[in-house]
Amino acid sequence: MRRLSTGGPLEEDFGCARAVAAGDLVLVSGTLPVLDGVLQGEGDPYQQTLAAFRGALAALEEFGLGPGSVVRTRMYLAHARDVDEVARAHRELFGAVRPAATLVVVSGFVDAPRVLVQVELEAHRAAHGAAPDTGRAES
């Protein structure tokens, strides 16, 4: 198992890693739309979603993986009204990949009242570079 730490305060406070690789699976912790301590896309759920996913993908890159390896995404929204803009950003980044996805509306984020979205990623090494399967699942 390999763990990635960025030295962020929550990693120390909570005793967690930014990302963890366990075999062929890589899990990226919840990612806010923050770069170098600055909130990106203030008041814009689309821009915040792009920024949050870019941060999560940067952690994934530390393991040699990219968007084509993503098999699951989770998006946490502060407001249901932002679903369409968050979906637009997700589609832009992962439309060709089509990972399993979950979208949840929450009451807010710890110490981040201006944050509109937080994201998580799960990736699989074997999926890296694989062509997306656009067919229907068969039993």
# chains A, B, ... in the order shown; residues from 1 in each chain; ligands from 1
call {"tool": "closest_atom_pairs", "arguments": {"of": "segment 56-104 of chain A", "to": "segment 27-31 of chain A", "cutoff": "12 Å", "atoms": "only C-alpha atoms", "output": "JSON lines"}}
result
{"residue": "A:Ala56", "atom": "CA", "partner": "A:Thr31", "partner_atom": "CA", "distance": 5.9}
{"residue": "A:Leu57", "atom": "CA", "partner": "A:Val28", "partner_atom": "CA", "distance": 8.4}
{"residue": "A:Ala58", "atom": "CA", "partner": "A:Val28", "partner_atom": "CA", "distance": 9.8}
{"residue": "A:Ala59", "atom": "CA", "partner": "A:Val28", "partner_atom": "CA", "distance": 6.9}
{"residue": "A:Leu60", "atom": "CA", "partner": "A:Val28", "partner_atom": "CA", "distance": 7.0}
{"residue": "A:Glu61", "atom": "CA", "partner": "A:Val28", "partner_atom": "CA", "distance": 10.7}
{"residue": "A:Glu62", "atom": "CA", "partner": "A:Val28", "partner_atom": "CA", "distance": 10.8}
{"residue": "A:Phe63", "atom": "CA", "partner": "A:Leu27", "partner_atom": "CA", "distance": 10.4}
{"residue": "A:Leu65", "atom": "CA", "partner": "A:Leu27", "partner_atom": "CA", "distance": 11.4}
{"residue": "A:Ser69", "atom": "CA", "partner": "A:Leu27", "partner_atom": "CA", "distance": 11.2}
{"residue": "A:Val70", "atom": "CA", "partner": "A:Leu27", "partner_atom": "CA", "distance": 9.6}
{"residue": "A:Val71", "atom": "CA", "partner": "A:Leu27", "partner_atom": "CA", "distance": 10.2}
{"residue": "A:Arg72", "atom": "CA", "partner": "A:Leu27", "partner_atom": "CA", "distance": 9.4}
{"residue": "A:Thr73", "atom": "CA", "partner": "A:Val28", "partner_atom": "CA", "distance": 9.7}
{"residue": "A:Arg74", "atom": "CA", "partner": "A:Gly30", "partner_atom": "CA", "distance": 8.6}
{"residue": "A:Met75", "atom": "CA", "partner": "A:Gly30", "partner_atom": "CA", "distance": 8.9}
{"residue": "A:Tyr76", "atom": "CA", "partner": "A:Gly30", "partner_atom": "CA", "distance": 9.1}
call {"tool": "residues_around", "arguments": {"residues": "Leu25 of chain A", "least_positions_apart": "3", "cutoff": "8 Å", "atoms": "only C-alpha atoms", "output": "count of residues only"}}
result
6
call {"tool": "atom_distance", "arguments": {"atom1": "atom CA of Gly43 of chain A", "atom2": "atom CA of Ala89 of chain A"}}
result
14.8 Å
call {"tool": "closest_residue", "arguments": {"among": "A:Ala101, A:Leu77, A:Leu10, A:Phe109", "to": "Asp44 of chain A", "atoms": "only C-alpha atoms"}}
result
A:Leu77
call {"tool": "select_by_dssp", "arguments": {"residues": "segment 22-133 of chain A", "states": "alpha helix (DSSP H)", "output": "PyMOL selection string"}}
result
chain A and resi 45-61+83-94
call {"tool": "write_last_selection", "arguments": {"atoms": "C-alpha atoms", "output": "PDB file, in the first residue's frame"}}
result
ATOM      1  CA  PRO A  45     -20.377  25.910  -8.941  1.00  0.00           C
ATOM      2  CA  TYR A  46     -19.142  24.987 -12.434  1.00  0.00           C
ATOM      3  CA  GLN A  47     -15.691  26.537 -11.886  1.00  0.00           C
ATOM      4  CA  GLN A  48     -15.476  25.137  -8.359  1.00  0.00           C
ATOM      5  CA  THR A  49     -16.264  21.635  -9.648  1.00  0.00           C
ATOM      6  CA  LEU A  50     -13.601  21.886 -12.339  1.00  0.00           C
ATOM      7  CA  ALA A  51     -11.063  23.163  -9.786  1.00  0.00           C
ATOM      8  CA  ALA A  52     -11.899  20.441  -7.254  1.00  0.00           C
ATOM      9  CA  PHE A  53     -11.626  17.676  -9.836  1.00  0.00           C
ATOM     10  CA  ARG A  54      -8.372  19.128 -11.154  1.00  0.00           C
ATOM     11  CA  GLY A  55      -6.986  18.980  -7.623  1.00  0.00           C
ATOM     12  CA  ALA A  56      -8.154  15.386  -7.211  1.00  0.00           C
ATOM     13  CA  LEU A  57      -6.718  14.459 -10.613  1.00  0.00           C
ATOM     14  CA  ALA A  58      -3.390  16.028  -9.620  1.00  0.00           C
ATOM     15  CA  ALA A  59      -3.254  13.624  -6.663  1.00  0.00           C
ATOM     16  CA  LEU A  60      -4.101  10.760  -9.008  1.00  0.00           C
ATOM     17  CA  GLU A  61      -1.253  11.800 -11.322  1.00  0.00           C
ATOM     18  CA  VAL A  83     -26.756  20.246  -9.855  1.00  0.00           C
ATOM     19  CA  ASP A  84     -26.839  21.283 -13.527  1.00  0.00           C
ATOM     20  CA  GLU A  85     -23.565  23.225 -13.357  1.00  0.00           C
ATOM     21  CA  VAL A  86     -21.811  20.464 -11.431  1.00  0.00           C
ATOM     22  CA  ALA A  87     -23.117  17.896 -13.934  1.00  0.00           C
ATOM     23  CA  ARG A  88     -21.832  20.051 -16.812  1.00  0.00           C
ATOM     24  CA  ALA A  89     -18.325  20.146 -15.311  1.00  0.00           C
ATOM     25  CA  HIS A  90     -18.386  16.394 -14.593  1.00  0.00           C
ATOM     26  CA  ARG A  91     -19.520  15.630 -18.146  1.00  0.00           C
ATOM     27  CA  GLU A  92     -16.772  17.855 -19.551  1.00  0.00           C
ATOM     28  CA  LEU A  93     -14.089  15.989 -17.615  1.00  0.00           C
ATOM     29  CA  PHE A  94     -15.453  12.439 -17.597  1.00  0.00           C
TER      30      PHE A  94
END
call {"tool": "closest_residue", "arguments": {"among": "A:Asp24, A:Arg81, A:Val97, A:Ala126", "to": "Pro67 of chain A", "atoms": "only C-alpha atoms"}}
result
A:Val97
call {"tool": "select_by_dssp", "arguments": {"residues": "segment 42-79 of chain A", "states": "strand (DSSP E)", "output": "short mmCIF file (atom, residue, chain, number, x, y, z; two decimals) with C-alpha atoms, in the first residue's frame"}}
result
data_model
loop_
_atom_site.label_atom_id
_atom_site.label_comp_id
_atom_site.auth_asym_id
_atom_site.auth_seq_id
_atom_site.Cartn_x
_atom_site.Cartn_y
_atom_site.Cartn_z
CA VAL A 70 -11.35 6.94 -12.94
CA VAL A 71 -14.04 4.37 -12.15
CA ARG A 72 -16.06 6.28 -9.53
CA THR A 73 -16.68 9.91 -8.64
CA ARG A 74 -18.52 11.42 -5.71
CA MET A 75 -19.71 15.01 -5.63
CA TYR A 76 -20.98 16.76 -2.53
CA LEU A 77 -22.94 19.96 -3.14
#
call {"tool": "atom_distance", "arguments": {"atom1": "atom CA of Gly108 of chain A", "atom2": "atom CA of Ala80 of chain A"}}
result
11.8 Å
call {"tool": "atom_distance", "arguments": {"atom1": "atom CA of Leu35 of chain A", "atom2": "atom CA of Gly23 of chain A"}}
result
28.8 Å
call {"tool": "residues_around", "arguments": {"residues": "Cys16 of chain A", "least_positions_apart": "2", "cutoff": "12 Å", "atoms": "only C-alpha atoms", "output": "ChimeraX atom specification"}}
result
/A:3-14,18-20,27-30
call {"tool": "write_last_selection", "arguments": {"atoms": "N, CA and C atoms", "output": "PDB file, in the first residue's frame"}}
result
ATOM      1  N   ARG A   3       0.771   5.587   0.308  1.00  0.00           N
ATOM      2  CA  ARG A   3      -0.040   6.737   0.695  1.00  0.00           C
ATOM      3  C   ARG A   3       0.622   8.024   0.223  1.00  0.00           C
ATOM      4  N   LEU A   4      -0.209   8.960  -0.217  1.00  0.00           N
ATOM      5  CA  LEU A   4       0.275  10.272  -0.644  1.00  0.00           C
ATOM      6  C   LEU A   4      -0.147  11.296   0.396  1.00  0.00           C
ATOM      7  N   SER A   5       0.807  12.066   0.860  1.00  0.00           N
ATOM      8  CA  SER A   5       0.521  13.142   1.800  1.00  0.00           C
ATOM      9  C   SER A   5       0.947  14.460   1.179  1.00  0.00           C
ATOM     10  N   THR A   6       0.121  15.483   1.358  1.00  0.00           N
ATOM     11  CA  THR A   6       0.479  16.815   0.875  1.00  0.00           C
ATOM     12  C   THR A   6       0.863  17.725   2.025  1.00  0.00           C
ATOM     13  N   GLY A   7       0.764  17.204   3.255  1.00  0.00           N
ATOM     14  CA  GLY A   7       1.105  18.004   4.420  1.00  0.00           C
ATOM     15  C   GLY A   7       0.001  18.947   4.850  1.00  0.00           C
ATOM     16  N   GLY A   8      -1.180  18.778   4.288  1.00  0.00           N
ATOM     17  CA  GLY A   8      -2.299  19.639   4.651  1.00  0.00           C
ATOM     18  C   GLY A   8      -2.710  19.450   6.095  1.00  0.00           C
ATOM     19  N   PRO A   9      -3.258  20.504   6.721  1.00  0.00           N
ATOM     20  CA  PRO A   9      -3.605  20.428   8.137  1.00  0.00           C
ATOM     21  C   PRO A   9      -4.655  19.362   8.453  1.00  0.00           C
ATOM     22  N   LEU A  10      -5.617  19.141   7.556  1.00  0.00           N
ATOM     23  CA  LEU A  10      -6.638  18.132   7.837  1.00  0.00           C
ATOM     24  C   LEU A  10      -6.053  16.734   7.830  1.00  0.00           C
ATOM     25  N   GLU A  11      -5.017  16.505   7.027  1.00  0.00           N
ATOM     26  CA  GLU A  11      -4.381  15.191   7.010  1.00  0.00           C
ATOM     27  C   GLU A  11      -3.828  14.869   8.391  1.00  0.00           C
ATOM     28  N   GLU A  12      -3.189  15.837   9.023  1.00  0.00           N
ATOM     29  CA  GLU A  12      -2.633  15.632  10.359  1.00  0.00           C
ATOM     30  C   GLU A  12      -3.746  15.569  11.399  1.00  0.00           C
ATOM     31  N   ASP A  13      -4.701  16.507  11.320  1.00  0.00           N
ATOM     32  CA  ASP A  13      -5.786  16.568  12.302  1.00  0.00           C
ATOM     33  C   ASP A  13      -6.628  15.294  12.315  1.00  0.00           C
ATOM     34  N   PHE A  14      -6.912  14.753  11.132  1.00  0.00           N
ATOM     35  CA  PHE A  14      -7.784  13.592  11.018  1.00  0.00           C
ATOM     36  C   PHE A  14      -7.027  12.274  10.942  1.00  0.00           C
ATOM     37  N   ARG A  18      -3.923  12.059   1.585  1.00  0.00           N
ATOM     38  CA  ARG A  18      -4.537  12.733   0.431  1.00  0.00           C
ATOM     39  C   ARG A  18      -5.079  11.703  -0.542  1.00  0.00           C
ATOM     40  N   ALA A  19      -4.301  10.624  -0.715  1.00  0.00           N
ATOM     41  CA  ALA A  19      -4.711   9.520  -1.587  1.00  0.00           C
ATOM     42  C   ALA A  19      -4.016   8.254  -1.118  1.00  0.00           C
ATOM     43  N   VAL A  20      -4.624   7.127  -1.444  1.00  0.00           N
ATOM     44  CA  VAL A  20      -4.068   5.831  -1.067  1.00  0.00           C
ATOM     45  C   VAL A  20      -4.182   4.887  -2.252  1.00  0.00           C
ATOM     46  N   LEU A  27      -7.525   5.593  -4.295  1.00  0.00           N
ATOM     47  CA  LEU A  27      -8.612   6.384  -3.725  1.00  0.00           C
ATOM     48  C   LEU A  27      -8.097   7.773  -3.405  1.00  0.00           C
ATOM     49  N   VAL A  28      -8.814   8.806  -3.859  1.00  0.00           N
ATOM     50  CA  VAL A  28      -8.433  10.190  -3.575  1.00  0.00           C
ATOM     51  C   VAL A  28      -9.457  10.773  -2.611  1.00  0.00           C
ATOM     52  N   SER A  29      -8.964  11.295  -1.492  1.00  0.00           N
ATOM     53  CA  SER A  29      -9.821  11.876  -0.460  1.00  0.00           C
ATOM     54  C   SER A  29     -10.610  13.071  -0.991  1.00  0.00           C
ATOM     55  N   GLY A  30     -11.593  13.483  -0.215  1.00  0.00           N
ATOM     56  CA  GLY A  30     -12.389  14.641  -0.570  1.00  0.00           C
ATOM     57  C   GLY A  30     -11.511  15.843  -0.906  1.00  0.00           C
TER      58      GLY A  30
END
